[in-house]
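**Q** I am sharing start29.txt, which consists of compact mmCIF, C-alpha atoms:
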```txt
# COMPACT_ATOMS: atom_id res chain seq x y z
CA MET A 1 0.00 0.00 0.00
CA LYS A 2 2.76 2.45 -0.92
CA PRO A 3 3.09 4.28 -4.23
CA PRO A 4 5.55 2.75 -6.69
CA PRO A 5 8.62 4.88 -7.57
CA PHE A 6 8.24 7.79 -9.97
CA ALA A 7 10.13 10.87 -11.10
CA TYR A 8 8.83 13.82 -9.13
CA HIS A 9 8.35 17.27 -10.64
CA ARG A 10 7.32 20.39 -8.78
CA PRO A 11 6.68 23.16 -11.33
CA ARG A 12 6.15 26.79 -10.26
CA THR A 13 4.12 28.04 -13.23
CA ARG A 14 1.31 26.74 -15.43
CA ALA A 15 3.58 27.06 -18.50
CA GLU A 16 6.11 24.79 -16.81
CA VAL A 17 3.35 22.18 -16.32
CA ASP A 18 2.56 22.43 -20.05
CA ARG A 19 6.20 21.77 -20.92
CA LEU A 20 6.48 18.79 -18.57
CA LEU A 21 3.32 17.27 -20.03
CA ALA A 22 4.54 17.89 -23.58
CA GLU A 23 7.65 15.90 -22.69
CA HIS A 24 6.14 13.07 -20.63
CA GLY A 25 2.51 13.01 -21.83
CA ALA A 26 0.84 9.67 -21.21
CA ASP A 27 3.53 8.60 -18.71
CA ALA A 28 2.73 11.52 -16.40
CA LYS A 29 -0.03 12.29 -13.92
CA ILE A 30 -0.93 15.65 -12.44
CA LEU A 31 -1.02 15.64 -8.63
CA ALA A 32 -3.31 18.31 -7.17
CA GLY A 33 -5.26 17.36 -4.02
CA GLY A 34 -4.25 13.73 -4.45
CA GLN A 35 -7.43 12.39 -2.89
CA SER A 36 -8.10 10.12 -5.88
CA LEU A 37 -4.62 9.74 -7.38
CA ILE A 38 -2.74 8.77 -4.20
CA PRO A 39 -5.17 5.98 -3.20
CA ILE A 40 -4.99 4.40 -6.65
CA MET A 41 -1.19 4.70 -6.56
CA ASN A 42 -1.12 3.20 -3.05
CA MET A 43 -3.16 0.29 -4.38
CA ARG A 44 -0.84 0.10 -7.42
CA LEU A 45 -3.77 0.51 -9.77
CA SER A 46 -1.86 3.40 -11.27
CA ALA A 47 1.92 3.62 -11.65
CA PRO A 48 2.79 6.81 -13.52
CA ALA A 49 6.49 7.18 -14.40
CA HIS A 50 6.23 10.92 -13.73
CA VAL A 51 4.22 12.78 -11.10
CA ILE A 52 3.76 16.49 -11.72
CA ASP A 53 2.88 18.01 -8.34
CA ILE A 54 1.11 21.32 -8.98
CA ASN A 55 0.73 22.24 -5.29
CA ALA A 56 3.68 24.63 -5.45
CA LEU A 57 2.35 26.67 -8.40
CA GLU A 58 2.81 30.34 -7.59
CA ASP A 59 0.07 32.97 -7.37
CA GLU A 60 -2.78 30.50 -7.78
CA PRO A 61 -6.16 31.64 -6.42
CA ALA A 62 -7.26 29.74 -3.31
CA GLU A 63 -10.91 30.68 -3.80
CA PRO A 64 -13.35 30.62 -6.70
CA VAL A 65 -13.89 33.89 -8.57
CA VAL A 66 -17.08 35.14 -10.18
CA ASP A 67 -17.18 37.04 -13.41
CA ASP A 68 -20.22 37.79 -15.50
CA GLY A 69 -22.45 35.28 -13.72
CA VAL A 70 -19.90 32.46 -14.00
CA MET A 71 -18.02 30.81 -11.10
CA ARG A 72 -14.45 29.98 -12.07
CA PHE A 73 -12.40 27.44 -10.15
CA GLY A 74 -8.63 27.42 -10.61
CA PRO A 75 -6.61 24.21 -10.35
CA LEU A 76 -5.79 24.62 -6.65
CA VAL A 77 -9.18 25.68 -5.28
CA ARG A 78 -9.78 23.11 -2.54
CA GLN A 79 -13.27 21.71 -2.06
CA ALA A 80 -13.19 23.02 1.52
CA ALA A 81 -12.48 26.55 0.27
CA ALA A 82 -15.48 26.36 -2.06
CA GLU A 83 -17.54 25.04 0.83
CA ARG A 84 -16.62 28.06 3.00
CA TRP A 85 -16.85 30.57 0.13
CA PRO A 86 -19.43 33.23 1.09
CA GLU A 87 -20.82 33.46 -2.47
CA ARG A 88 -21.37 29.71 -2.93
CA PRO A 89 -24.78 29.01 -4.50
CA PRO A 90 -27.02 26.33 -2.94
CA ALA A 91 -26.29 23.87 -5.77
CA LEU A 92 -22.58 23.95 -4.95
CA ALA A 93 -23.09 23.84 -1.18
CA GLU A 94 -25.45 20.84 -1.42
CA THR A 95 -23.11 18.98 -3.78
CA LEU A 96 -20.06 19.53 -1.57
CA ALA A 97 -21.92 18.32 1.51
CA TYR A 98 -22.11 14.92 -0.18
CA THR A 99 -18.53 15.04 -1.48
CA ALA A 100 -16.42 12.79 0.77
CA HIS A 101 -15.47 13.90 4.30
CA PRO A 102 -14.02 17.11 5.79
CA ALA A 103 -10.45 15.75 5.91
CA ILE A 104 -10.72 14.82 2.21
CA ARG A 105 -12.32 18.10 1.15
CA SER A 106 -9.58 20.14 2.80
CA ARG A 107 -7.06 18.69 0.31
CA GLY A 108 -9.21 17.63 -2.67
CA THR A 109 -9.70 20.17 -5.44
CA ILE A 110 -12.78 20.92 -7.55
CA VAL A 111 -10.80 20.73 -10.81
CA GLY A 112 -9.07 17.50 -9.80
CA SER A 113 -12.32 15.71 -9.11
CA VAL A 114 -13.71 16.84 -12.48
CA ALA A 115 -10.53 15.76 -14.32
CA HIS A 116 -10.59 12.37 -12.58
CA ALA A 117 -14.17 11.83 -13.89
CA ASP A 118 -15.26 9.14 -11.48
CA PRO A 119 -18.77 8.07 -12.54
CA ALA A 120 -19.92 7.93 -8.90
CA ALA A 121 -18.50 11.32 -7.91
CA GLU A 122 -20.65 14.38 -7.28
CA LEU A 123 -18.59 17.20 -8.82
CA PRO A 124 -18.41 15.80 -12.38
CA ALA A 125 -22.20 15.35 -12.17
CA LEU A 126 -22.61 18.96 -11.04
CA VAL A 127 -20.64 20.20 -14.06
CA GLN A 128 -22.97 18.18 -16.28
CA ALA A 129 -26.11 19.25 -14.40
CA LEU A 130 -25.28 22.95 -14.76
CA ASP A 131 -23.99 22.65 -18.36
CA GLY A 132 -20.60 23.91 -17.22
CA GLU A 133 -17.39 24.16 -19.16
CA VAL A 134 -13.77 23.26 -18.55
CA ARG A 135 -10.62 24.87 -19.92
CA ALA A 136 -7.80 22.60 -20.98
CA ARG A 137 -4.29 23.79 -21.76
CA SER A 138 -1.08 22.48 -23.26
CA THR A 139 1.92 23.83 -25.18
CA ASP A 140 -0.48 23.89 -28.16
CA GLY A 141 -2.69 26.48 -26.46
CA MET A 142 -5.98 26.49 -24.61
CA ARG A 143 -9.39 25.15 -25.46
CA THR A 144 -12.76 25.31 -23.78
CA ILE A 145 -14.74 22.08 -23.67
CA ALA A 146 -18.46 21.87 -22.83
CA ALA A 147 -19.44 19.34 -20.17
CA ARG A 148 -21.36 17.22 -22.69
CA ASP A 149 -18.20 16.80 -24.78
CA PHE A 150 -15.77 16.39 -21.89
CA PHE A 151 -16.93 13.25 -20.06
CA LEU A 152 -16.49 10.16 -22.21
CA GLY A 153 -16.84 7.29 -19.73
CA ALA A 154 -15.62 5.95 -16.40
CA LEU A 155 -12.39 7.90 -15.63
CA GLU A 156 -12.27 8.94 -19.30
CA THR A 157 -12.35 12.48 -20.58
CA ALA A 158 -11.66 14.36 -23.78
CA LEU A 159 -8.26 15.53 -22.46
CA ALA A 160 -5.33 14.64 -24.73
CA ALA A 161 -2.19 13.16 -23.15
CA ASN A 162 -0.41 16.52 -23.23
CA GLU A 163 -3.34 18.52 -21.81
CA TRP A 164 -4.41 19.34 -18.28
CA LEU A 165 -7.34 21.23 -16.78
CA GLU A 166 -6.70 24.74 -15.56
CA GLU A 167 -10.29 25.74 -14.88
CA VAL A 168 -13.82 24.56 -14.26
CA ALA A 169 -16.52 27.16 -14.99
CA LEU A 170 -20.08 26.87 -13.74
CA PRO A 171 -23.00 29.28 -14.18
CA LEU A 172 -24.13 30.93 -10.95
CA ARG A 173 -27.69 30.27 -11.99
CA ALA A 174 -30.75 31.22 -9.99
CA ASN A 175 -32.92 28.25 -11.15
CA GLY A 176 -33.94 25.66 -8.60
CA CYS A 177 -31.51 22.86 -8.04
CA ALA A 178 -31.58 19.90 -5.65
CA VAL A 179 -29.11 17.12 -4.84
CA GLU A 180 -30.12 13.71 -3.47
CA GLU A 181 -27.82 10.79 -2.84
CA PHE A 182 -27.71 7.36 -1.28
CA ALA A 183 -24.43 5.89 -0.04
CA TYR A 184 -23.88 3.28 2.66
CA ARG A 185 -21.93 5.85 4.65
CA HIS A 186 -22.46 9.60 4.25
CA GLY A 187 -19.55 10.95 2.21
CA ASP A 188 -18.72 7.71 0.45
CA TYR A 189 -19.09 7.32 -3.30
CA ALA A 190 -22.73 7.29 -4.34
CA ILE A 191 -24.60 4.05 -4.93
CA CYS A 192 -27.02 6.41 -6.65
CA GLY A 193 -27.12 10.19 -6.70
CA VAL A 194 -28.94 12.81 -8.72
CA ILE A 195 -28.78 16.57 -9.27
CA ALA A 196 -32.08 18.01 -10.51
CA VAL A 197 -32.11 21.41 -12.20
CA ALA A 198 -35.31 23.29 -13.03
CA GLN A 199 -35.25 24.66 -16.59
CA PRO A 200 -36.89 27.93 -17.68
CA GLY A 201 -39.62 26.18 -19.73
CA GLY A 202 -40.93 24.22 -16.71
CA GLY A 203 -38.93 21.06 -17.39
CA VAL A 204 -36.42 19.47 -15.05
CA THR A 205 -33.13 17.89 -16.16
CA LEU A 206 -31.50 15.27 -13.97
CA PRO A 207 -28.10 13.71 -14.34
CA HIS A 208 -27.99 10.55 -12.21
CA PHE A 209 -24.50 9.50 -11.07
CA GLY A 210 -23.14 6.28 -9.60
CA VAL A 211 -25.62 4.30 -11.69
CA ALA A 212 -23.66 3.70 -14.90
CA GLU A 213 -20.27 4.14 -16.61
CA GLN A 214 -20.89 7.86 -16.61
CA ALA A 215 -23.58 10.25 -15.39
CA VAL A 216 -26.87 9.66 -17.21
CA ARG A 217 -28.88 12.72 -18.07
CA SER A 218 -32.64 12.41 -18.31
CA GLU A 219 -35.38 14.98 -18.56
CA LEU A 220 -38.87 15.47 -17.18
CA PRO A 221 -40.27 17.69 -19.98
CA ASP A 222 -43.08 19.17 -17.86
CA GLY A 223 -41.22 18.76 -14.57
CA ARG A 224 -43.71 16.30 -13.04
CA PRO A 225 -41.92 13.95 -10.59
CA GLU A 226 -44.46 11.19 -11.37
CA THR A 227 -42.96 10.86 -14.84
CA ILE A 228 -39.53 9.78 -13.52
CA ARG A 229 -40.09 6.06 -14.25
CA GLU A 230 -40.80 6.80 -17.89
CA ALA A 231 -37.79 9.13 -18.14
CA LEU A 232 -35.43 6.42 -16.82
CA ALA A 233 -37.02 3.48 -18.67
CA GLY A 234 -34.31 3.30 -21.34
CA VAL A 235 -31.36 3.70 -18.97
CA GLU A 236 -29.27 0.64 -18.26
CA MET A 237 -28.19 0.66 -14.60
CA SER A 238 -24.97 -0.90 -13.28
CA ASP A 239 -25.17 -4.16 -11.42
CA ASP A 240 -22.34 -4.85 -8.98
CA LEU A 241 -21.64 -6.14 -5.49
CA HIS A 242 -22.76 -2.85 -3.93
CA ALA A 243 -26.23 -2.84 -5.48
CA THR A 244 -28.24 -4.81 -8.00
CA GLN A 245 -29.60 -3.26 -11.15
CA ALA A 246 -33.14 -3.40 -9.81
CA TYR A 247 -32.16 -1.74 -6.54
CA ARG A 248 -30.31 1.04 -8.38
CA ARG A 249 -33.35 1.63 -10.58
CA HIS A 250 -35.54 1.88 -7.47
CA LEU A 251 -33.12 4.39 -5.89
CA ALA A 252 -32.85 6.38 -9.13
CA GLU A 253 -36.62 6.71 -9.34
CA VAL A 254 -37.19 7.60 -5.69
CA LEU A 255 -34.28 10.04 -5.43
CA GLY A 256 -34.98 11.48 -8.90
CA ALA A 257 -38.61 12.24 -8.05
CA ARG A 258 -37.59 13.72 -4.70
CA ALA A 259 -34.93 15.96 -6.29
CA ALA A 260 -37.24 17.03 -9.13
CA ARG A 261 -39.92 18.05 -6.62
CA ARG A 262 -37.48 20.14 -4.61
CA ALA A 263 -35.84 21.71 -7.68
CA ALA A 264 -39.19 22.81 -9.08
CA ALA A 265 -40.52 24.12 -5.75
CA MET B 1 15.71 11.89 -2.66
CA ILE B 2 14.55 15.44 -2.17
CA SER B 3 14.99 17.90 0.66
CA ILE B 4 11.93 19.12 2.52
CA VAL B 5 11.21 21.15 5.61
CA LEU B 6 8.32 20.30 7.89
CA GLU B 7 7.21 22.08 11.04
CA VAL B 8 5.74 19.32 13.18
CA ASN B 9 4.10 20.21 16.50
CA GLY B 10 6.10 23.42 16.52
CA ASP B 11 9.49 21.83 15.79
CA ARG B 12 11.27 22.44 12.50
CA HIS B 13 12.67 19.38 10.72
CA GLU B 14 14.89 19.28 7.64
CA LEU B 15 14.55 15.92 5.94
CA GLU B 16 15.73 14.00 2.92
CA VAL B 17 12.89 11.86 1.62
CA GLU B 18 12.09 9.67 -1.32
CA PRO B 19 9.41 11.49 -3.38
CA ARG B 20 7.05 8.51 -3.15
CA LYS B 21 7.15 8.41 0.65
CA LEU B 22 3.80 9.14 2.25
CA LEU B 23 3.57 11.81 4.91
CA SER B 24 2.21 9.20 7.35
CA ASP B 25 5.38 7.13 6.90
CA VAL B 26 7.70 10.10 7.27
CA LEU B 27 5.98 11.06 10.53
CA ARG B 28 6.20 7.52 11.87
CA GLN B 29 9.51 6.28 10.48
CA ASP B 30 11.68 9.37 10.00
CA LEU B 31 10.41 11.39 12.96
CA GLY B 32 9.41 8.52 15.25
CA LEU B 33 5.96 10.01 15.82
CA THR B 34 4.07 6.74 15.90
CA GLY B 35 0.95 8.27 17.41
CA THR B 36 -0.35 8.78 13.88
CA HIS B 37 -1.79 5.37 13.06
CA VAL B 38 -1.97 3.81 9.63
CA GLY B 39 -5.01 1.67 8.94
CA CYS B 40 -6.21 1.30 5.38
CA GLU B 41 -3.69 3.46 3.49
CA HIS B 42 -6.26 4.52 0.94
CA GLY B 43 -8.13 7.27 2.72
CA VAL B 44 -11.14 5.34 3.99
CA CYS B 45 -10.53 4.69 7.70
CA GLY B 46 -9.33 8.10 8.92
CA CYS B 47 -6.83 6.75 11.51
CA CYS B 48 -3.98 8.78 10.01
CA THR B 49 -5.81 12.12 10.14
CA ILE B 50 -3.53 15.01 11.13
CA LEU B 51 -3.67 18.78 10.68
CA VAL B 52 -1.89 20.41 7.75
CA ASP B 53 -1.84 24.19 8.16
CA ASP B 54 -4.68 23.82 10.69
CA GLN B 55 -6.90 21.82 8.30
CA PRO B 56 -7.64 18.13 8.84
CA ALA B 57 -6.06 15.85 6.24
CA ARG B 58 -5.31 12.17 5.63
CA SER B 59 -1.55 11.76 6.01
CA CYS B 60 -1.71 8.52 3.97
CA LEU B 61 -3.07 10.48 0.98
CA MET B 62 -0.32 13.04 0.93
CA LEU B 63 3.25 12.73 -0.24
CA ALA B 64 5.67 14.18 2.29
CA ALA B 65 7.15 16.06 -0.68
CA THR B 66 3.84 17.86 -1.22
CA ALA B 67 3.83 18.89 2.45
CA ASP B 68 7.17 20.71 2.09
CA GLY B 69 6.95 23.96 4.04
CA ALA B 70 3.70 23.03 5.79
CA ARG B 71 2.84 23.25 9.45
CA ILE B 72 1.80 19.80 10.70
CA ASP B 73 0.06 18.90 13.96
CA THR B 74 -0.13 15.32 15.17
CA VAL B 75 -1.67 13.70 18.24
CA GLU B 76 1.67 14.01 20.07
CA GLY B 77 1.20 17.78 20.08
CA LEU B 78 -2.16 17.76 21.84
CA GLN B 79 -1.02 17.40 25.45
CA GLN B 80 0.85 20.15 27.27
CA PRO B 81 4.63 19.75 27.71
CA ASP B 82 4.01 19.04 31.44
CA GLY B 83 1.79 16.09 30.50
CA THR B 84 -1.57 17.77 31.08
CA LEU B 85 -4.03 16.20 28.69
CA HIS B 86 -5.83 18.23 26.05
CA PRO B 87 -9.51 18.67 27.04
CA LEU B 88 -10.46 16.33 24.18
CA GLN B 89 -8.13 13.63 25.48
CA GLU B 90 -9.54 14.08 28.97
CA ALA B 91 -13.10 13.88 27.57
CA PHE B 92 -12.32 10.70 25.61
CA HIS B 93 -10.96 9.18 28.82
CA LYS B 94 -13.90 10.30 30.92
CA HIS B 95 -16.65 9.30 28.45
CA HIS B 96 -15.09 6.01 27.36
CA GLY B 97 -14.41 7.35 23.86
CA LEU B 98 -11.61 4.88 23.28
CA GLN B 99 -11.61 1.12 23.42
CA CYS B 100 -8.71 -0.51 21.58
CA GLY B 101 -7.39 3.00 20.80
CA PHE B 102 -6.30 2.37 17.24
CA CYS B 103 -8.64 4.94 15.64
CA THR B 104 -8.30 7.43 18.51
CA PRO B 105 -5.48 9.65 17.13
CA GLY B 106 -7.47 10.28 13.96
CA PHE B 107 -10.66 11.04 15.88
CA LEU B 108 -8.79 13.38 18.23
CA MET B 109 -7.13 15.34 15.44
CA LEU B 110 -10.32 15.72 13.41
CA ALA B 111 -12.30 16.58 16.56
CA SER B 112 -9.72 19.21 17.51
CA THR B 113 -11.04 21.25 14.56
CA LEU B 114 -14.66 21.13 15.69
CA TYR B 115 -15.03 20.47 19.44
CA LYS B 116 -15.42 24.16 20.25
CA GLN B 117 -18.59 24.25 18.11
CA ALA B 118 -19.81 20.81 19.26
CA PRO B 119 -22.01 21.95 22.18
CA GLY B 120 -24.20 23.81 19.66
CA MET B 121 -24.39 20.87 17.25
CA THR B 122 -26.98 18.08 17.19
CA ASP B 123 -25.76 14.49 17.59
CA GLU B 124 -26.60 14.00 13.91
CA GLN B 125 -24.36 16.92 12.92
CA ILE B 126 -21.49 15.65 15.08
CA ARG B 127 -21.88 12.16 13.59
CA THR B 128 -21.84 13.58 10.04
CA ALA B 129 -18.75 15.66 10.83
CA LEU B 130 -16.98 12.58 12.24
CA GLY B 131 -18.34 10.34 9.47
CA GLY B 132 -14.98 9.92 7.76
CA GLN B 133 -13.45 8.19 10.79
CA LEU B 134 -14.04 4.50 11.42
CA CYS B 135 -13.99 2.86 14.87
CA ARG B 136 -14.13 -0.90 14.42
CA CYS B 137 -14.83 -1.36 18.14
CA THR B 138 -17.97 0.63 17.23
CA GLY B 139 -17.50 2.94 20.20
CA TYR B 140 -19.29 5.82 18.52
CA VAL B 141 -21.69 6.65 21.36
CA GLY B 142 -18.82 7.39 23.75
CA ILE B 143 -16.91 9.25 21.04
CA VAL B 144 -19.83 11.56 20.23
CA ARG B 145 -20.35 12.18 23.96
CA ALA B 146 -16.67 12.98 24.46
CA VAL B 147 -16.54 15.40 21.52
CA ARG B 148 -19.60 17.17 22.89
CA ALA B 149 -18.15 17.36 26.43
CA ALA B 150 -14.63 18.62 25.62
CA ALA B 151 -15.47 22.32 25.29
CA ALA B 152 -17.09 22.38 28.75
CA LEU B 153 -14.06 20.63 30.28
CA GLU B 154 -11.86 23.27 28.72
CA ASP B 155 -14.02 26.07 30.16
CA GLU B 156 -13.79 24.55 33.64
CA ARG B 157 -10.00 24.82 33.61
```
Output the structure of this file as structure tokens.

**A**
Amino acid sequence: MKPPPFAYHRPRTRAEVDRLLAEHGADAKILAGGQSLIPIMNMRLSAPAHVIDINALEDEPAEPVVDDGVMRFGPLVRQAAAERWPERPPALAETLAYTAHPAIRSRGTIVGSVAHADPAAELPALVQALDGEVRARSTDGMRTIAARDFFLGALETALAANEWLEEVALPLRANGCAVEEFAYRHGDYAICGVIAVAQPGGGVTLPHFGVAEQAVRSELPDGRPETIREALAGVEMSDDLHATQAYRRHLAEVLGARAARRAAA
Amino acid sequence: MISIVLEVNGDRHELEVEPRKLLSDVLRQDLGLTGTHVGCEHGVCGCCTILVDDQPARSCLMLAATADGARIDTVEGLQQPDGTLHPLQEAFHKHHGLQCGFCTPGFLMLASTLYKQAPGMTDEQIRTALGGQLCRCTGYVGIVRAVRAAAALEDER
């Protein structure tokens, strides 16, 4: 349960990170909060030849910033800092309350969780629920990627081997939003979770997470919670030792209806 | 090997460490501070919880290299130099908050960040706040009681 050996890099600037990734690409991993990367290295599920520790980057914002109705999270904004941030909207506060435990949130970053793209994690689902965007960078330049194009599957994203995420951007929207989750222990990865967002036309969109290889987005066109069964009918749920397919479907319907009701209220 | 500086319980240490060495192992093996216990080594059990710049953190999920320059507090720093227990330690003793004691250092360090607010919290809130720490003796009732009682013990002093 110790990480295997690796070459350790501690860049001071974002441009230096770009150069290191251009050189080492697929053999390198970015280390930010380390709350996902270090466990999988301890378990030897991941053995990167190079670890690029970005914790010593200079002049990085410790808190989110808001511009033009958009919350922007830099690569070293810890989840705990977002949790304490006076301007945090309810959607963010509710999501973070389900995100692991205080001792994890004090190190874990928002951007890191999104880049890791665990299908049972809350923050990637929030980015999808709010139609957020991410900004990737490399020595080739920067590009903005919409949530729907970014998440490709379990732990898979649209990032190229030489790219890393320097920002997650989420709208500070005023629409109703509600998070519901079931886990065997509060703070653990979701067996089933859902983030419902009320849309201007009266509909409700709901990405469910923890139920499949990636978050599954469904829609209640007129926002009625009773229509949740129909909305999820075509979704194939995971079946594993934590929960059967039938149990996950039951949770998805119950939690989905509950979240839709609260989001629309 | 790389050179790092850690301030642990107020003492400055200059160390040469392998980059892959976990902070928990540096505390235990290089500094001999074996009060920080190592249970699962993948961030689930909470036994290795310490404070990094006053914030609770899992020392098994942090490379010592990443902690370079940080201020670290471990369970060894809780009691006074004359041996007087920290109010939380006294409360754990008084309310039977420890059984085998393996998880206790992690509980104490996490609780040190919240016991001052605990009297105003519901049991449910305290349990949620402590939810990342596992006690396999299942001594949670005594632990919650101890965390709630510590602030009053401190006021009595």

**Q** Please report the interatomic distance between CA of Ala198 (chain A) and CA of Arg249 (chain A) in Å with one decimal.

**A**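 For CA of Ala198 (chain A) relative to CA of Arg249 (chain A), the distance reads 21.9 Å.
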
**Q** Figure out the distance between CA of Glu156 (chain A) and CA of Gly108 (chain A), please, to one decimal in Å.

**A**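 That distance, rounded to one decimal, is 19.0 Å.
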
**Q** Excluding His208 (chain A) and its own-chain neighbours fewer than 6 positions away, which residues fall within 8 Å of it when counting only C-alpha atoms? Please give them as a list in words.

**A** Ala125, Cys192, Gly193, Val194, Ile195, Ala215, Val216, Arg217, Ser218, Ala252 and Gly256 of chain A

**Q** Produce a table with one row for each residue of chain A that has an atom at most 12 Å from any atom of chain B, each row naming the nearest atom pair and its distance in Å at one decimal; use only C-alpha atoms; arrange rows by chain and rising residue number; format as JSON lines.

**A**
```
{"residue": "A:Met1", "atom": "CA", "partner": "B:Glu41", "partner_atom": "CA", "distance": 6.1}
{"residue": "A:Lys2", "atom": "CA", "partner": "B:Leu22", "partner_atom": "CA", "distance": 7.5}
{"residue": "A:Pro3", "atom": "CA", "partner": "B:Arg20", "partner_atom": "CA", "distance": 5.9}
{"residue": "A:Pro4", "atom": "CA", "partner": "B:Arg20", "partner_atom": "CA", "distance": 6.9}
{"residue": "A:Pro5", "atom": "CA", "partner": "B:Arg20", "partner_atom": "CA", "distance": 5.9}
{"residue": "A:Phe6", "atom": "CA", "partner": "B:Arg20", "partner_atom": "CA", "distance": 7.0}
{"residue": "A:Ala7", "atom": "CA", "partner": "B:Pro19", "partner_atom": "CA", "distance": 7.8}
{"residue": "A:Tyr8", "atom": "CA", "partner": "B:Pro19", "partner_atom": "CA", "distance": 6.2}
{"residue": "A:His9", "atom": "CA", "partner": "B:Pro19", "partner_atom": "CA", "distance": 9.3}
{"residue": "A:Arg10", "atom": "CA", "partner": "B:Thr66", "partner_atom": "CA", "distance": 8.7}
{"residue": "A:Pro11", "atom": "CA", "partner": "B:Thr66", "partner_atom": "CA", "distance": 11.8}
{"residue": "A:Leu31", "atom": "CA", "partner": "B:Thr66", "partner_atom": "CA", "distance": 9.1}
{"residue": "A:Ala32", "atom": "CA", "partner": "B:Thr66", "partner_atom": "CA", "distance": 9.3}
{"residue": "A:Gly33", "atom": "CA", "partner": "B:Met62", "partner_atom": "CA", "distance": 8.2}
{"residue": "A:Gly34", "atom": "CA", "partner": "B:Leu61", "partner_atom": "CA", "distance": 6.4}
{"residue": "A:Gln35", "atom": "CA", "partner": "B:Leu61", "partner_atom": "CA", "distance": 6.1}
{"residue": "A:Ser36", "atom": "CA", "partner": "B:Leu61", "partner_atom": "CA", "distance": 8.5}
{"residue": "A:Leu37", "atom": "CA", "partner": "B:Leu61", "partner_atom": "CA", "distance": 8.5}
{"residue": "A:Ile38", "atom": "CA", "partner": "B:Leu61", "partner_atom": "CA", "distance": 5.5}
{"residue": "A:Pro39", "atom": "CA", "partner": "B:His42", "partner_atom": "CA", "distance": 4.5}
{"residue": "A:Ile40", "atom": "CA", "partner": "B:His42", "partner_atom": "CA", "distance": 7.7}
{"residue": "A:Met41", "atom": "CA", "partner": "B:His42", "partner_atom": "CA", "distance": 9.1}
{"residue": "A:Asn42", "atom": "CA", "partner": "B:His42", "partner_atom": "CA", "distance": 6.6}
{"residue": "A:Met43", "atom": "CA", "partner": "B:His42", "partner_atom": "CA", "distance": 7.5}
{"residue": "A:Arg44", "atom": "CA", "partner": "B:His42", "partner_atom": "CA", "distance": 10.9}
{"residue": "A:Leu45", "atom": "CA", "partner": "B:His42", "partner_atom": "CA", "distance": 11.7}
{"residue": "A:Ala47", "atom": "CA", "partner": "B:Arg20", "partner_atom": "CA", "distance": 11.1}
{"residue": "A:Pro48", "atom": "CA", "partner": "B:Arg20", "partner_atom": "CA", "distance": 11.3}
{"residue": "A:Ala49", "atom": "CA", "partner": "B:Arg20", "partner_atom": "CA", "distance": 11.3}
{"residue": "A:His50", "atom": "CA", "partner": "B:Pro19", "partner_atom": "CA", "distance": 10.8}
{"residue": "A:Val51", "atom": "CA", "partner": "B:Pro19", "partner_atom": "CA", "distance": 9.4}
{"residue": "A:Ile52", "atom": "CA", "partner": "B:Thr66", "partner_atom": "CA", "distance": 10.6}
{"residue": "A:Asp53", "atom": "CA", "partner": "B:Thr66", "partner_atom": "CA", "distance": 7.2}
{"residue": "A:Ile54", "atom": "CA", "partner": "B:Thr66", "partner_atom": "CA", "distance": 8.9}
{"residue": "A:Asn55", "atom": "CA", "partner": "B:Thr66", "partner_atom": "CA", "distance": 6.7}
{"residue": "A:Ala56", "atom": "CA", "partner": "B:Thr66", "partner_atom": "CA", "distance": 8.0}
{"residue": "A:Leu57", "atom": "CA", "partner": "B:Thr66", "partner_atom": "CA", "distance": 11.5}
{"residue": "A:Arg78", "atom": "CA", "partner": "B:Gln55", "partner_atom": "CA", "distance": 11.3}
{"residue": "A:Ala80", "atom": "CA", "partner": "B:Gln55", "partner_atom": "CA", "distance": 9.3}
{"residue": "A:Ala81", "atom": "CA", "partner": "B:Gln55", "partner_atom": "CA", "distance": 10.9}
{"residue": "A:Ala97", "atom": "CA", "partner": "B:Thr128", "partner_atom": "CA", "distance": 9.8}
{"residue": "A:Tyr98", "atom": "CA", "partner": "B:Thr128", "partner_atom": "CA", "distance": 10.3}
{"residue": "A:Thr99", "atom": "CA", "partner": "B:Gly132", "partner_atom": "CA", "distance": 11.1}
{"residue": "A:Ala100", "atom": "CA", "partner": "B:Gly132", "partner_atom": "CA", "distance": 7.7}
{"residue": "A:His101", "atom": "CA", "partner": "B:Gly132", "partner_atom": "CA", "distance": 5.3}
{"residue": "A:Pro102", "atom": "CA", "partner": "B:Ala129", "partner_atom": "CA", "distance": 7.1}
{"residue": "A:Ala103", "atom": "CA", "partner": "B:Ala57", "partner_atom": "CA", "distance": 4.4}
{"residue": "A:Ile104", "atom": "CA", "partner": "B:Ala57", "partner_atom": "CA", "distance": 6.2}
{"residue": "A:Arg105", "atom": "CA", "partner": "B:Ala57", "partner_atom": "CA", "distance": 8.4}
{"residue": "A:Ser106", "atom": "CA", "partner": "B:Gln55", "partner_atom": "CA", "distance": 6.3}
{"residue": "A:Arg107", "atom": "CA", "partner": "B:Ala57", "partner_atom": "CA", "distance": 6.7}
{"residue": "A:Gly108", "atom": "CA", "partner": "B:Ala57", "partner_atom": "CA", "distance": 9.6}
{"residue": "A:Tyr184", "atom": "CA", "partner": "B:Gly131", "partner_atom": "CA", "distance": 11.3}
{"residue": "A:Arg185", "atom": "CA", "partner": "B:Gly131", "partner_atom": "CA", "distance": 7.5}
{"residue": "A:His186", "atom": "CA", "partner": "B:Gly131", "partner_atom": "CA", "distance": 6.7}
{"residue": "A:Gly187", "atom": "CA", "partner": "B:Gly132", "partner_atom": "CA", "distance": 7.3}
{"residue": "A:Asp188", "atom": "CA", "partner": "B:Gly132", "partner_atom": "CA", "distance": 8.5}
{"residue": "A:Tyr189", "atom": "CA", "partner": "B:Val44", "partner_atom": "CA", "distance": 11.0}
```
